[in-house]
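Student: The following block contains the structure, expressed as structure tokens.
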Amino acid sequence: MRKYYSYAGLDICIDIDDEYMYEDDYSLKEFRVEHLEDYHLFRFDVVEEIFDSPLPLIYKDDVVKEYQLDDLSVKIIGIFKDNHSIMNIKLINNDKNHFVQIKKSLIDYYIPVHTIYKVLDSERLIASLGGIMLHSSYILHNNEAILFTAPSGTGKSTQAFLWNQYRNAVIVNGDRTGIREVNGRIVACGLPFSGSSKISK
């Protein structure tokens, strides 16, 4: 089964066998479209084991390893501490084709939505379009975007709610904004990622 989404200039197709297909959450359903012609294809497969990549290692921390050779890149998500290695998710990127392997022991009946968010790698894809993803609350007032950016817990969402309450501003996203140049203008884009705010349009 395939599901299609469009946001911030990105067209995405998620391809998962029916038995493991997730239900759209409150955010994803806002960005669902019926069909797309040209898209980034994310093909998900559930596997018993995930194996390391033979490509050159370019980055490693306690939860991610990344490999790259020319246009081919691999990201492995798991636990990598003190010679202890557990590999749970493997993402292979080759232009607009993305192959995702998920360890079977991680899922019960279907692939969780939070796993979909984790592997979409939207920051990198938006950057490939010349844009950025900004940690910010995003409101729409008089047909103009206003963004509040600051560290977590300092009042971005509170400020957005005050604008909504006293100026009838629409809260588009409580946590993140896609920013791109479109026809010579800088535009803010809604995203299906909203942190704990659960506001995403």
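Letters for chains follow the order of the structure tokens (A, B, ...), residue numbers begin at 1 for each chain, and ligand numbers begin at 1 in the order shown.
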Hey, what's within 12 Å of A:Lys75 if we count only C-alpha atoms and toss same-chain stuff fewer than 4 positions away? As a PDB file with C-alpha atoms, in the first residue's frame, please?

Tutor:
ATOM      1  CA  ILE A  50      20.040  -5.359  10.166  1.00  0.00           C
ATOM      2  CA  PHE A  51      23.617  -5.508   8.960  1.00  0.00           C
ATOM      3  CA  ASP A  52      26.279  -2.812   8.977  1.00  0.00           C
ATOM      4  CA  SER A  53      27.208  -0.894   5.835  1.00  0.00           C
ATOM      5  CA  PRO A  54      30.450  -1.398   3.875  1.00  0.00           C
ATOM      6  CA  LEU A  55      30.469   2.291   2.828  1.00  0.00           C
ATOM      7  CA  PRO A  56      32.942   4.758   4.432  1.00  0.00           C
ATOM      8  CA  LEU A  57      31.789   5.907   7.895  1.00  0.00           C
ATOM      9  CA  ILE A  58      31.370   9.709   8.020  1.00  0.00           C
ATOM     10  CA  TYR A  59      29.604  10.198  11.386  1.00  0.00           C
ATOM     11  CA  LYS A  60      28.899   8.275  14.576  1.00  0.00           C
ATOM     12  CA  ASP A  61      27.378   9.036  17.985  1.00  0.00           C
ATOM     13  CA  VAL A  63      22.413   6.439  18.480  1.00  0.00           C
ATOM     14  CA  VAL A  64      23.312   7.082  14.813  1.00  0.00           C
ATOM     15  CA  LYS A  65      25.935   5.930  12.331  1.00  0.00           C
ATOM     16  CA  GLU A  66      26.132   7.523   8.875  1.00  0.00           C
ATOM     17  CA  TYR A  67      27.994   6.313   5.811  1.00  0.00           C
ATOM     18  CA  GLN A  68      28.458   7.860   2.374  1.00  0.00           C
ATOM     19  CA  MET A  87      21.050  -1.831  14.927  1.00  0.00           C
ATOM     20  CA  ASN A  88      17.296  -1.169  14.727  1.00  0.00           C
ATOM     21  CA  ILE A  89      16.624   0.910  11.592  1.00  0.00           C
ATOM     22  CA  LYS A  90      18.635   1.217   8.379  1.00  0.00           C
ATOM     23  CA  LEU A  91      17.938   3.958   5.813  1.00  0.00           C
ATOM     24  CA  ILE A  92      19.592   3.752   2.386  1.00  0.00           C
ATOM     25  CA  ASN A  93      19.324   6.939   0.296  1.00  0.00           C
ATOM     26  CA  ASN A  94      20.004   7.101  -3.421  1.00  0.00           C
ATOM     27  CA  HIS A  98      14.987   5.636   0.023  1.00  0.00           C
ATOM     28  CA  PHE A  99      14.994   2.059   1.314  1.00  0.00           C
ATOM     29  CA  VAL A 100      14.164   1.534   4.983  1.00  0.00           C
ATOM     30  CA  GLN A 101      14.739  -1.661   6.932  1.00  0.00           C
ATOM     31  CA  LYS A 118      12.307   9.492  12.324  1.00  0.00           C
ATOM     32  CA  VAL A 119      13.326   8.196   8.898  1.00  0.00           C
ATOM     33  CA  LEU A 120      11.795  10.842   6.608  1.00  0.00           C
ATOM     34  CA  ASP A 121      14.908  12.996   7.174  1.00  0.00           C
TER      35      ASP A 121
END

Student: Excluding A:Cys13 and any residue of its chain fewer than 3 positions from it, enumerate the residues within 6 Å of it, using only C-alpha atoms, and give them as a VMD selection string.

Tutor: chain A and resid 3 to 4 41

Student: Next, the residues of the selection above should be written as a JSON list (two decimals), in the first residue's frame with N, CA and C atoms.

Tutor:
[["chain", "number", "residue", "atom", "x", "y", "z"],
["A", 3, "LYS", "N", 1.04, 5.58, 0.50],
["A", 3, "LYS", "CA", 0.42, 6.83, 0.97],
["A", 3, "LYS", "C", 1.28, 7.98, 0.48],
["A", 4, "TYR", "N", 0.63, 9.09, 0.09],
["A", 4, "TYR", "CA", 1.33, 10.24, -0.48],
["A", 4, "TYR", "C", 1.12, 11.47, 0.39],
["A", 41, "LEU", "N", 10.48, 8.36, -2.89],
["A", 41, "LEU", "CA", 9.87, 7.08, -2.52],
["A", 41, "LEU", "C", 10.59, 6.49, -1.31]]

Student: Run DSSP on the backbone and give me the residues of stretch 51-120 of chain A it puts in strand (DSSP E or B), as a PyMOL selection string.

Tutor: chain A and resi 57-60+64-69+72-81+84-94+97-103

Student: Go ahead and compute the interatomic distance for atom CA of A:Ile111 and atom CA of A:Phe31, in Å to one decimal.

Tutor: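 For atom CA of A:Ile111 relative to atom CA of A:Phe31, the distance reads 18.9 Å.
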
Student: Find the residue from A:Thr158, A:Ala188, A:Asp175, A:Tyr117 that sits nearest to A:Asn143; use only C-alpha atoms when measuring.

Tutor: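 Of all the options, A:Ala188 lies closest to A:Asn143.
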
Student: Taking into account only C-alpha atoms, which residue in the set A:Ile179, A:Ile139, A:Ile186, A:Ile77 is nearest to A:Thr115?

Tutor: A:Ile77

Student: I'd like to know which of A:Gly178, A:Gly190, A:Pro112, A:Gly153 is closest to A:Tyr22, using only C-alpha atoms.

Tutor: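 Distance minimum relative to A:Tyr22 lands on A:Pro112.
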
Student: Nearest to A:Asp15 among A:Ser73, A:Lys103, A:Ile116, A:Leu28, with distances taken over only C-alpha atoms: which residue is it?

Tutor: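 Checking each candidate against A:Asp15, we get A:Ile116 as the closest.
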
Student: Which value, in Å to one decimal, gives the distance between atom CA of A:Asp38 and atom CA of A:Leu10?

Tutor: 9.8 Å

Student: With only C-alpha atoms as the counted atoms, please give the residues lying no more than 12 Å from stretch 126-134 of chain A, apart from itself and same-chain residues fewer than 3 positions off, as number ranges by chain.

Tutor: A: 6-12, 40, 95-96, 120-123, 137-138, 147-151, 173-182, 186-194

Student: Let's have the selection written as a compact mmCIF listing (two decimals), in the first residue's frame, with N, CA, C and O atoms.

Tutor:
# COMPACT_ATOMS: atom_id res chain seq x y z
N SER A 6 2.46 15.83 0.84
CA SER A 6 3.11 16.98 0.24
C SER A 6 3.24 18.08 1.29
O SER A 6 2.26 18.46 1.93
N TYR A 7 4.49 18.59 1.49
CA TYR A 7 4.73 19.68 2.43
C TYR A 7 6.06 20.35 2.12
O TYR A 7 7.01 19.70 1.67
N ALA A 8 6.12 21.66 2.30
CA ALA A 8 7.35 22.46 2.16
C ALA A 8 8.07 22.21 0.84
O ALA A 8 9.30 22.22 0.78
N GLY A 9 7.32 21.97 -0.23
CA GLY A 9 7.92 21.72 -1.53
C GLY A 9 8.36 20.28 -1.75
O GLY A 9 8.87 19.94 -2.80
N LEU A 10 8.14 19.43 -0.75
CA LEU A 10 8.51 18.01 -0.85
C LEU A 10 7.28 17.17 -1.18
O LEU A 10 6.22 17.37 -0.61
N ASP A 11 7.45 16.23 -2.08
CA ASP A 11 6.43 15.24 -2.37
C ASP A 11 6.98 13.89 -1.95
O ASP A 11 8.06 13.47 -2.39
N ILE A 12 6.22 13.20 -1.09
CA ILE A 12 6.70 11.99 -0.44
C ILE A 12 5.72 10.85 -0.70
O ILE A 12 4.50 11.03 -0.61
N HIS A 40 9.71 11.56 -3.65
CA HIS A 40 10.70 10.77 -2.92
C HIS A 40 9.98 9.50 -2.46
O HIS A 40 8.99 9.57 -1.74
N ASP A 95 19.43 9.30 -4.30
CA ASP A 95 18.63 10.31 -4.99
C ASP A 95 17.22 10.33 -4.39
O ASP A 95 17.09 10.60 -3.20
N LYS A 96 16.20 10.03 -5.16
CA LYS A 96 14.83 10.08 -4.65
C LYS A 96 14.32 8.72 -4.19
O LYS A 96 13.15 8.57 -3.87
N LEU A 120 12.05 9.97 7.76
CA LEU A 120 11.80 10.84 6.61
C LEU A 120 12.95 11.80 6.33
O LEU A 120 13.13 12.24 5.21
N ASP A 121 13.71 12.16 7.37
CA ASP A 121 14.91 13.00 7.17
C ASP A 121 14.56 14.30 6.46
O ASP A 121 15.24 14.74 5.54
N SER A 122 13.45 14.91 6.88
CA SER A 122 12.93 16.10 6.19
C SER A 122 13.90 17.28 6.23
O SER A 122 13.92 18.08 5.30
N GLU A 123 14.68 17.41 7.30
CA GLU A 123 15.65 18.51 7.36
C GLU A 123 16.58 18.46 6.15
O GLU A 123 16.82 19.46 5.48
N SER A 137 7.67 28.45 16.63
CA SER A 137 6.21 28.49 16.48
C SER A 137 5.91 29.37 15.28
O SER A 137 6.58 30.38 15.04
N TYR A 138 4.88 29.02 14.52
CA TYR A 138 4.56 29.70 13.27
C TYR A 138 3.08 30.11 13.32
O TYR A 138 2.20 29.26 13.47
N LEU A 147 7.18 34.11 12.92
CA LEU A 147 7.81 32.97 13.56
C LEU A 147 8.45 33.38 14.87
O LEU A 147 9.09 34.43 14.94
N PHE A 148 8.27 32.56 15.89
CA PHE A 148 8.91 32.78 17.19
C PHE A 148 9.91 31.65 17.39
O PHE A 148 9.52 30.50 17.49
N THR A 149 11.20 31.98 17.45
CA THR A 149 12.20 30.94 17.67
C THR A 149 12.96 31.21 18.97
O THR A 149 13.27 32.37 19.28
N ALA A 150 13.19 30.16 19.71
CA ALA A 150 13.87 30.26 21.01
C ALA A 150 14.08 28.84 21.51
O ALA A 150 13.48 27.90 20.98
N PRO A 151 14.91 28.66 22.55
CA PRO A 151 15.08 27.32 23.11
C PRO A 151 13.75 26.77 23.64
O PRO A 151 12.83 27.52 23.97
N ASN A 173 1.88 26.04 13.14
CA ASN A 173 2.67 24.97 13.75
C ASN A 173 3.25 25.48 15.07
O ASN A 173 3.73 26.60 15.14
N GLY A 174 3.19 24.64 16.09
CA GLY A 174 3.66 25.06 17.40
C GLY A 174 5.13 24.81 17.65
O GLY A 174 5.64 25.21 18.70
N ASP A 175 5.85 24.19 16.69
CA ASP A 175 7.23 23.80 17.01
C ASP A 175 8.23 23.95 15.87
O ASP A 175 9.39 24.22 16.10
N ARG A 176 7.81 23.75 14.60
CA ARG A 176 8.77 23.78 13.49
C ARG A 176 8.17 24.44 12.26
O ARG A 176 6.96 24.36 12.03
N THR A 177 9.05 25.03 11.45
CA THR A 177 8.63 25.69 10.22
C THR A 177 9.61 25.35 9.11
O THR A 177 10.82 25.37 9.32
N GLY A 178 9.08 25.06 7.93
CA GLY A 178 9.93 24.94 6.75
C GLY A 178 10.04 26.31 6.11
O GLY A 178 9.04 27.01 5.96
N ILE A 179 11.25 26.74 5.77
CA ILE A 179 11.46 28.06 5.16
C ILE A 179 12.14 27.85 3.81
O ILE A 179 13.17 27.19 3.72
N ARG A 180 11.51 28.42 2.75
CA ARG A 180 12.05 28.26 1.40
C ARG A 180 11.90 29.55 0.62
O ARG A 180 11.06 30.40 0.96
N GLU A 181 12.67 29.65 -0.45
CA GLU A 181 12.47 30.74 -1.40
C GLU A 181 11.59 30.23 -2.54
O GLU A 181 11.88 29.20 -3.15
N VAL A 182 10.51 30.94 -2.81
CA VAL A 182 9.58 30.57 -3.88
C VAL A 182 9.32 31.82 -4.71
O VAL A 182 8.78 32.81 -4.20
N ILE A 186 10.68 34.80 0.30
CA ILE A 186 10.92 33.83 1.38
C ILE A 186 9.56 33.47 1.96
O ILE A 186 8.78 34.34 2.36
N VAL A 187 9.25 32.18 1.99
CA VAL A 187 7.94 31.72 2.48
C VAL A 187 8.12 30.73 3.62
O VAL A 187 9.11 29.99 3.68
N ALA A 188 7.16 30.74 4.52
CA ALA A 188 7.11 29.78 5.62
C ALA A 188 6.12 28.68 5.23
O ALA A 188 5.08 28.96 4.64
N CYS A 189 6.47 27.45 5.54
CA CYS A 189 5.65 26.30 5.16
C CYS A 189 5.27 25.49 6.40
O CYS A 189 6.10 25.27 7.27
N GLY A 190 4.02 25.04 6.42
CA GLY A 190 3.60 24.13 7.47
C GLY A 190 4.26 22.77 7.30
O GLY A 190 4.62 22.36 6.19
N LEU A 191 4.44 22.07 8.41
CA LEU A 191 5.10 20.76 8.42
C LEU A 191 4.30 19.78 9.26
O LEU A 191 3.61 20.18 10.20
N PRO A 192 4.42 18.49 8.96
CA PRO A 192 3.74 17.49 9.80
C PRO A 192 4.58 17.08 11.01
O PRO A 192 4.56 15.94 11.44
N PHE A 193 5.36 18.01 11.55
CA PHE A 193 6.17 17.76 12.76
C PHE A 193 5.90 18.92 13.69
O PHE A 193 6.15 20.06 13.34
N SER A 194 5.38 18.65 14.86
CA SER A 194 4.98 19.76 15.73
C SER A 194 5.39 19.57 17.19
O SER A 194 4.91 20.29 18.05

Student: Write out as a list in words the set of residues from stretch 4-147 of chain A that DSSP, computed on the backbone, places in alpha helix (DSSP H).

Tutor: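 Checking each residue of stretch 4-147 of chain A, the alpha helix (DSSP H) ones are Val113, His114, Thr115, Ile116, Tyr117, Lys118, Val119, Leu120, Ser122, Glu123, Arg124, Leu125, Ile126, Ala127 and Ser128 of chain A.
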